[in-house]
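S.K.: Have a look at the structure that comes next, please.
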Amino acid sequence: MPERVPPDRDQRKQAITQFADELQALRAANGNPSFRKLAGRSGRISHTALHEAVAGNRLASWATTREFVRACGGDEAAWRARWERAAALALGQADESSPDGPATFENGERPAESEPARPEPAIPPAPLATSGAPAESEPVRPEASRPARRFSRTIAVVAGIITILVAVGGAGLMLRSGSDETPDPAAATPAGPRVSGDRSRFIADVTIPDGTSVTTNETFVKVWEIQNSGTVPWYGRYLQREDLPPAPGSCRTPDRVPIGNTLPNERVKISVTVTAPDRPGSCMVKWKMVDEQGRLFFPSARPVYFLVNVVAPEEPSPEAEAN
């Protein structure tokens with residue numbers, strides 16, 4: 001079996017994001033149907049899983065990708081090849097042993113099937129009672145007369161091995177999410193909000209739906225609507241761009257934009273002015289809610305984002321210029 005080469009973290013993030021952008025472009029080319037409509041076409045996967053496939057937080061499994069492509073009328077064989085290239089970059093080594101592709105979790109990680117399981121220490125059976133002395137080839141062990149003590153020692157050894165495996169596995173689940181220092185939310189961040197009772201709910205893309213085409217260097221205003229669905233009033237909050245500092249050639253925006261004061265159960269619209277890159281392609285920018293010091297309010301929550309397709313402006317025809 002080829003040796004798995006750990007992917008470069010920048011390369012991994014780029015592969016995951018690029019594949020998600022390609023899936024979104026496929027959806028846009030298909031008329032930008034809603035994820036619920038795509039899920040209805042598939043009949044085998046939820047709209048939430050389809051939405052997560054284009055969010056770029058993790059590499060979608062081949063099963064999810066296949067249903068996405070089928071629902072959008074894409075070429076399954078061609079997309080299988082694309083997925084395998086992305087998996088090779090994001091995971092280090094694609095596994096061709098299965099017709100359904102490598103076994104992957106939805107977070108993009110592979111289970112450690114390539115490493116043999118470490119056997120747990122077996123508890124040797126106590127010697128059978130006999131009427132005579134035991135054979136010389138099998139001397140009586142002091143532990144044999146203390147089965148409870150042997151069992152306790154075995155449990156301690158197994159617990160130590162499990163602790164080591166959990167520590168090593170946890171390190172392997174670290175994924176970049178926006179910056180080099182940000183671990184995967186499911187692996188290393190608190191499960192809940194920073195403030196007890198705080199909650200946020202995404203309502204709608206008010207302007208610039210995902211997959212909208214804009215021309216190079218075009219300036220537009222993206223607006224989201226979200227709801228304060230918790231019990232904590234929002235004061236002095238912002239949406240902050242995750243990929244700071246932005247990579248060259250990405251969309252140009254402010255680093256952060258303010259969120260108006262919002263009481264529980266109220267909705268608020270948040271606007272950001274965006275300038276498209278000077279080259280065609282796709283552009284996705286993700287945003288998280290922070291305070292004035294840049295501390296995250298919802299570390300494990302999915303970000304809001306916008307995704308646009310950047311195209312070259314059409315040149316006027318000779319007939320139009322003549323008129």
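Labels used: A, B, ... for chains in the order of the structure tokens, numbers from 1 for residues in each chain, and numbers from 1 for ligands as shown.
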So that I can check the surroundings of region 289-295 of chain A, please list as an mmCIF file with C-alpha atoms, in the first residue's frame every protein, DNA and RNA residue that reaches within 12 Å of it, counting only C-alpha atoms and ignoring chain neighbours fewer than 3 positions away.
M.R.:
```cif
data_model
loop_
_atom_site.group_PDB
_atom_site.id
_atom_site.type_symbol
_atom_site.label_atom_id
_atom_site.label_comp_id
_atom_site.auth_asym_id
_atom_site.auth_seq_id
_atom_site.Cartn_x
_atom_site.Cartn_y
_atom_site.Cartn_z
ATOM 1 C CA PRO A 193 -21.714 29.479 22.609
ATOM 2 C CA ARG A 194 -19.298 31.617 24.617
ATOM 3 C CA VAL A 195 -22.215 33.272 26.462
ATOM 4 C CA ASP A 198 -26.792 32.997 23.302
ATOM 5 C CA ARG A 199 -28.027 31.710 19.934
ATOM 6 C CA SER A 200 -28.080 32.866 16.329
ATOM 7 C CA ARG A 201 -30.205 31.629 13.405
ATOM 8 C CA ILE A 226 -30.088 36.630 10.851
ATOM 9 C CA ASN A 228 -31.163 36.586 17.683
ATOM 10 C CA TRP A 234 -26.608 41.689 21.165
ATOM 11 C CA TYR A 235 -24.597 44.874 21.706
ATOM 12 C CA GLY A 236 -21.246 45.811 20.170
ATOM 13 C CA ARG A 237 -21.053 42.791 17.874
ATOM 14 C CA TYR A 238 -19.505 42.388 14.435
ATOM 15 C CA LEU A 239 -19.165 39.954 11.557
ATOM 16 C CA GLN A 240 -15.455 39.385 10.994
ATOM 17 C CA ARG A 241 -13.904 37.860 7.916
ATOM 18 C CA GLU A 242 -12.324 34.457 8.689
ATOM 19 C CA LEU A 244 -7.444 37.336 7.623
ATOM 20 C CA ASP A 255 -12.089 43.041 7.751
ATOM 21 C CA ARG A 256 -15.277 43.359 9.831
ATOM 22 C CA VAL A 257 -18.727 44.949 9.617
ATOM 23 C CA PRO A 258 -20.979 45.998 12.525
ATOM 24 C CA ILE A 259 -24.122 44.176 13.607
ATOM 25 C CA ILE A 270 -26.031 42.900 7.956
ATOM 26 C CA LYS A 286 -16.795 33.311 5.346
ATOM 27 C CA PHE A 298 -20.109 30.940 18.472
ATOM 28 C CA PRO A 299 -16.808 29.045 18.004
ATOM 29 C CA SER A 300 -18.351 25.800 16.755
ATOM 30 C CA ALA A 301 -21.147 27.295 14.624
ATOM 31 C CA ARG A 302 -20.936 27.326 10.843
ATOM 32 C CA PRO A 303 -20.063 30.732 9.375
ATOM 33 C CA VAL A 304 -22.229 32.824 7.105
ATOM 34 C CA TYR A 305 -20.655 33.347 3.719
#
```
S.K.: Just the residues within 10 Å of Asp205 (chain A), please, counting only C-alpha atoms, with nothing from its chain fewer than 3 positions along; format it as an mmCIF file with C-alpha atoms, in the first residue's frame.
M.R.:
```
data_model
loop_
_atom_site.group_PDB
_atom_site.id
_atom_site.type_symbol
_atom_site.label_atom_id
_atom_site.label_comp_id
_atom_site.auth_asym_id
_atom_site.auth_seq_id
_atom_site.Cartn_x
_atom_site.Cartn_y
_atom_site.Cartn_z
ATOM 1 C CA PHE A 202 -29.602 32.291 9.723
ATOM 2 C CA ILE A 208 -26.506 38.209 -4.078
ATOM 3 C CA PRO A 209 -27.674 34.571 -3.741
ATOM 4 C CA ASP A 210 -24.893 31.984 -3.777
ATOM 5 C CA LYS A 222 -24.045 41.539 0.096
ATOM 6 C CA VAL A 223 -26.834 41.489 2.722
ATOM 7 C CA TRP A 224 -27.678 38.662 5.136
ATOM 8 C CA GLU A 225 -30.602 38.468 7.561
ATOM 9 C CA ILE A 226 -30.088 36.630 10.851
ATOM 10 C CA LYS A 269 -29.808 42.689 8.367
ATOM 11 C CA VAL A 304 -22.229 32.824 7.105
ATOM 12 C CA TYR A 305 -20.655 33.347 3.719
ATOM 13 C CA PHE A 306 -21.116 34.554 0.181
#
```
S.K.: Have a look at CA of Pro280 (chain A) and CA of Asn309 (chain A) and let me know their distance in Å, one decimal.
M.R.: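 Going from CA of Pro280 (chain A) over to CA of Asn309 (chain A), I get 7.6 Å.
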S.K.: Pick from A:Pro33, A:Gly197, A:Gly40, A:Gly73: nearest to Thr231 (chain A), with only C-alpha atoms counted?
M.R.: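 With only C-alpha atoms as the atom set, the closest residue is A:Gly197.
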S.K.: Which residue gives the smallest distance to Ala87 (chain A) among A:Arg27, A:Lys13, A:Arg36, A:Arg44, with only C-alpha atoms counted?
M.R.: A:Lys13
S.K.: Could you check the closest approach to Glu52 (chain A) for each of A:Asn32, A:Thr17, A:Lys37, A:Cys283 and tell me which residue wins, using only C-alpha atoms?
M.R.: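 The closest residue to Glu52 (chain A) is A:Thr17.
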S.K.: Here is a test: counting only C-alpha atoms, which residue of A:Leu89, A:Ala71, A:Ala204, A:Ile16 is nearest to Arg267 (chain A)?
M.R.: A:Ala204
S.K.: Would you mind listing what lies within 8 Å of region 247-252 of chain A as number ranges by chain, with only C-alpha atoms counted and same-chain residues fewer than 6 positions away left out?
M.R.: A: 274-279, 283-285
S.K.: Using only C-alpha atoms, can you tell me which of A:Ser196, A:Val206, A:Ala15, A:Gly211 comes closest to Val232 (chain A)?
M.R.: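 Of A:Ser196, A:Val206, A:Ala15, A:Gly211, the one nearest Val232 (chain A), counting only C-alpha atoms, is A:Ser196.
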